[in-house]
Structures are given as C-alpha cells and as structure tokens.
Amino acid sequence: PTTKEHGLEKEFSKCGKVERVKMDIDIGNGGKCKGYAWITFVSKSGLDSAIELNNTVFGGRTITVEKSGQHKAKGAGKGGDASSGVEVFVRGLPLDLPEDILQKDFMECGPIAKINMPRDSDGSCKGFAWITFETQEGADKAVAFN
C-alpha cells in the first residue's frame, strides 16, 4: 500500500472530526504503509460512522474497519483474559505519569481489566497507553473523558 496518512485523514474525516492518524511504515521497504493504521476520532459518533466503511473499497483495496482491540488473544498480556473487555487508546500522556495514577483517573469511567502503558528504556511513559475496560459503558465514558 502506498496510501499516505493525509489521504486516510481526508477520507475518514467524512465520518467525523479526526484527531489523529497513525500509520505503520515499513522503512526497509521504501517507507510504504504496512497495510494498517489507527484513526482516532474526536467523538464516538465518528468511530461509529467509520465502522460503517468496513468491507468497502479504498485505494483499490477492500478495507476492514473495526474498533481497536477487537482481536486480542485470550490471556494476552498481564491481567489475564482481556478479550472480553473493550479497549481504548489514550495519547498525550505526561512522560512522568505513573501507571497507578492513570488507572486511578480512568477507573472513574468504569472497571479496568488491563492497562498497557509502554515505557522507554529509562522507565518513562512513552506518552500513550491502551486501557481495556470490562464494559462497553466504561470504554464509552473514557472516550468522552477527553
């Protein structure tokens, strides 16, 4: 795929206001897209509209559009079986944020099954995390938490 992030943003902005597009690039293959991307919408309605584009053609290819975290393997990561939860992606976190503070803040939204907060080699937060809530309601509140 040679689709660029701005092309995805332009297409998916028809669904709702796009906050961010993150596309994985294969540097060893001339900087081409690896075939997948994450699109963060300002509102849940944007996500819902985007999901309606599942199995449509974009750039000459049939695309799959789904909510992040739908294909987590059972028992993956610490915290056991998070496959029954609903995952949200959070970015813009302070680099000195401890995981327990992140958990405390987002527990206001609902029960948390798992948190994955990647860290740099010096132990600092990379500025983003995936939070898996036990319920859809918790994930919806987290998306609205902005």
# chains A, B, ... in the order shown; residues from 1 in each chain; ligands from 1
>>> select_by_dssp(residues="chain A", states="strand (DSSP E or B)", output="PyMOL selection string")
chain A and resi 18-26+32-41+57-58+61-62+86-91+112-116+119+125+128-133
>>> residues_around(residues="Asp105 (chain A)", least_positions_apart="4", cutoff="12 Å", atoms="only C-alpha atoms", output="compact mmCIF listing (two decimals) with all heavy atoms, in the first residue's frame")
# COMPACT_ATOMS: atom_id res chain seq x y z
N LEU A 93 -0.22 11.55 27.04
CA LEU A 93 0.01 11.40 28.48
C LEU A 93 1.33 12.03 28.88
O LEU A 93 2.29 12.01 28.11
CB LEU A 93 0.03 9.91 28.85
CG LEU A 93 -1.25 9.12 28.57
CD1 LEU A 93 -1.01 7.64 28.83
CD2 LEU A 93 -2.39 9.64 29.43
N LEU A 97 4.15 10.16 34.01
CA LEU A 97 2.92 9.62 34.60
C LEU A 97 3.12 8.19 35.11
O LEU A 97 3.47 7.30 34.34
CB LEU A 97 1.79 9.64 33.56
CG LEU A 97 0.45 9.11 34.04
CD1 LEU A 97 -0.18 10.06 35.04
CD2 LEU A 97 -0.49 8.91 32.86
N PRO A 98 2.87 7.95 36.39
CA PRO A 98 2.89 6.57 36.90
C PRO A 98 1.62 5.82 36.48
O PRO A 98 0.54 6.42 36.39
CB PRO A 98 2.93 6.72 38.42
CG PRO A 98 3.16 8.18 38.69
CD PRO A 98 2.73 8.92 37.47
N GLU A 99 1.75 4.53 36.24
CA GLU A 99 0.60 3.73 35.79
C GLU A 99 -0.53 3.74 36.80
O GLU A 99 -1.71 3.75 36.43
CB GLU A 99 1.03 2.29 35.48
CG GLU A 99 -0.05 1.48 34.85
CD GLU A 99 0.43 0.11 34.38
OE1 GLU A 99 1.54 0.01 33.82
OE2 GLU A 99 -0.32 -0.86 34.58
N ASP A 100 -0.21 3.76 38.10
CA ASP A 100 -1.27 3.73 39.11
C ASP A 100 -2.12 5.00 39.07
O ASP A 100 -3.33 4.95 39.33
CB ASP A 100 -0.70 3.47 40.51
CG ASP A 100 0.26 4.55 40.98
OD1 ASP A 100 0.96 5.16 40.15
OD2 ASP A 100 0.33 4.77 42.21
N ILE A 101 -1.54 6.13 38.70
CA ILE A 101 -2.31 7.38 38.58
C ILE A 101 -3.22 7.31 37.35
O ILE A 101 -4.39 7.71 37.40
CB ILE A 101 -1.38 8.61 38.50
CG1 ILE A 101 -0.53 8.72 39.76
CG2 ILE A 101 -2.18 9.88 38.25
CD1 ILE A 101 -1.31 8.91 41.05
N CYS A 109 -14.28 5.97 34.99
CA CYS A 109 -15.10 5.63 33.82
C CYS A 109 -15.75 4.26 33.96
O CYS A 109 -16.82 4.02 33.40
CB CYS A 109 -14.25 5.67 32.56
SG CYS A 109 -13.50 7.28 32.26
N GLY A 110 -15.07 3.36 34.66
CA GLY A 110 -15.58 2.01 34.82
C GLY A 110 -14.47 1.05 35.20
O GLY A 110 -13.29 1.43 35.19
N PRO A 111 -14.82 -0.20 35.50
CA PRO A 111 -13.82 -1.19 35.90
C PRO A 111 -12.82 -1.48 34.77
O PRO A 111 -13.22 -1.65 33.62
CB PRO A 111 -14.62 -2.44 36.23
CG PRO A 111 -16.06 -2.06 36.17
CD PRO A 111 -16.18 -0.73 35.52
N ILE A 112 -11.55 -1.52 35.12
CA ILE A 112 -10.48 -1.73 34.15
C ILE A 112 -9.99 -3.17 34.23
O ILE A 112 -9.68 -3.67 35.31
CB ILE A 112 -9.31 -0.75 34.41
CG1 ILE A 112 -9.79 0.69 34.17
CG2 ILE A 112 -8.10 -1.09 33.55
CD1 ILE A 112 -8.78 1.74 34.57
N ILE A 131 -6.06 1.04 27.30
CA ILE A 131 -6.79 0.67 28.51
C ILE A 131 -7.95 -0.21 28.10
O ILE A 131 -8.76 0.18 27.25
CB ILE A 131 -7.31 1.92 29.26
CG1 ILE A 131 -6.14 2.85 29.60
CG2 ILE A 131 -8.06 1.50 30.53
CD1 ILE A 131 -6.58 4.19 30.18
N LYS A 141 -17.38 5.97 28.30
CA LYS A 141 -17.10 7.09 29.22
C LYS A 141 -15.66 7.56 29.07
O LYS A 141 -15.39 8.75 29.15
CB LYS A 141 -17.38 6.68 30.66
CG LYS A 141 -18.85 6.58 31.00
CD LYS A 141 -19.05 6.20 32.46
CE LYS A 141 -20.52 6.11 32.80
NZ LYS A 141 -20.72 5.70 34.20
N ALA A 142 -14.74 6.64 28.85
CA ALA A 142 -13.33 7.01 28.67
C ALA A 142 -13.15 7.83 27.39
O ALA A 142 -12.40 8.80 27.38
CB ALA A 142 -12.45 5.76 28.62
N PHE A 145 -14.25 11.13 28.10
CA PHE A 145 -13.49 11.69 29.23
C PHE A 145 -12.65 12.90 28.82
O PHE A 145 -12.42 13.78 29.62
CB PHE A 145 -12.59 10.59 29.81
CG PHE A 145 -12.02 10.88 31.18
CD1 PHE A 145 -12.82 11.27 32.22
CD2 PHE A 145 -10.66 10.74 31.42
CE1 PHE A 145 -12.29 11.50 33.48
CE2 PHE A 145 -10.12 10.98 32.67
CZ PHE A 145 -10.94 11.36 33.70
N ASN A 146 -12.21 12.91 27.57
CA ASN A 146 -11.41 13.99 27.00
C ASN A 146 -11.50 15.22 27.83
O ASN A 146 -10.98 16.17 27.88
CB ASN A 146 -11.84 14.21 25.55
CG ASN A 146 -10.81 14.96 24.78
OD1 ASN A 146 -9.68 15.15 25.18
ND2 ASN A 146 -11.22 15.40 23.61
>>> residues_around(residues="region 133-135 of chain A", least_positions_apart="4", cutoff="9 Å", atoms="only C-alpha atoms", output="PyMOL selection string")
chain A and resi 82+84-88+107+109-115+139-140+142
>>> write_last_selection(atoms="C-alpha atoms", output="PDB file, in the first residue's frame")
ATOM      1  CA  ALA A  82      -8.826  -9.191  28.479  1.00  0.00           C
ATOM      2  CA  SER A  84     -13.960  -9.809  26.856  1.00  0.00           C
ATOM      3  CA  GLY A  85     -13.120  -6.156  27.521  1.00  0.00           C
ATOM      4  CA  VAL A  86     -13.288  -3.089  25.323  1.00  0.00           C
ATOM      5  CA  GLU A  87     -10.007  -1.347  24.544  1.00  0.00           C
ATOM      6  CA  VAL A  88      -9.422   2.385  24.140  1.00  0.00           C
ATOM      7  CA  MET A 107     -11.348   3.953  36.983  1.00  0.00           C
ATOM      8  CA  CYS A 109     -15.101   5.630  33.824  1.00  0.00           C
ATOM      9  CA  GLY A 110     -15.582   2.008  34.822  1.00  0.00           C
ATOM     10  CA  PRO A 111     -13.816  -1.188  35.901  1.00  0.00           C
ATOM     11  CA  ILE A 112     -10.477  -1.730  34.146  1.00  0.00           C
ATOM     12  CA  ALA A 113      -9.417  -5.206  33.008  1.00  0.00           C
ATOM     13  CA  LYS A 114      -5.929  -4.253  31.795  1.00  0.00           C
ATOM     14  CA  ILE A 115      -3.601  -1.330  31.126  1.00  0.00           C
ATOM     15  CA  ALA A 139     -14.932   2.497  27.306  1.00  0.00           C
ATOM     16  CA  ASP A 140     -17.611   4.938  26.115  1.00  0.00           C
ATOM     17  CA  ALA A 142     -13.333   7.007  28.670  1.00  0.00           C
TER      18      ALA A 142
END
>>> closest_residue(among="A:Lys126, A:Lys34, A:Lys67, A:His6", to="Ser49 (chain A)", atoms="only C-alpha atoms")
A:Lys67
>>> closest_residue(among="A:Phe12, A:Phe128, A:Phe89, A:Phe106", to="Asp48 (chain A)", atoms="only C-alpha atoms")
A:Phe12
>>> atom_distance(atom1="CA of Ile39 (chain A)", atom2="CA of Gly123 (chain A)")
27.0 Å
>>> residues_around(residues="Lys14 (chain A)", least_positions_apart="2", cutoff="9 Å", atoms="only C-alpha atoms", output="MDAnalysis selection string")
chainID A and resid 9:12 16:17 46 49:50
>>> residues_around(residues="Arg20 (chain A)", least_positions_apart="6", cutoff="10 Å", atoms="only C-alpha atoms", output="PyMOL selection string")
chain A and resi 5+9+38-42+91
>>> select_by_dssp(residues="chain A", states="alpha helix (DSSP H)", output="MDAnalysis selection string")
chainID A and resid 5:12 44:51 99:106 136:145
>>> atom_distance(atom1="CA of Asn55 (chain A)", atom2="CA of Asn116 (chain A)")
29.1 Å
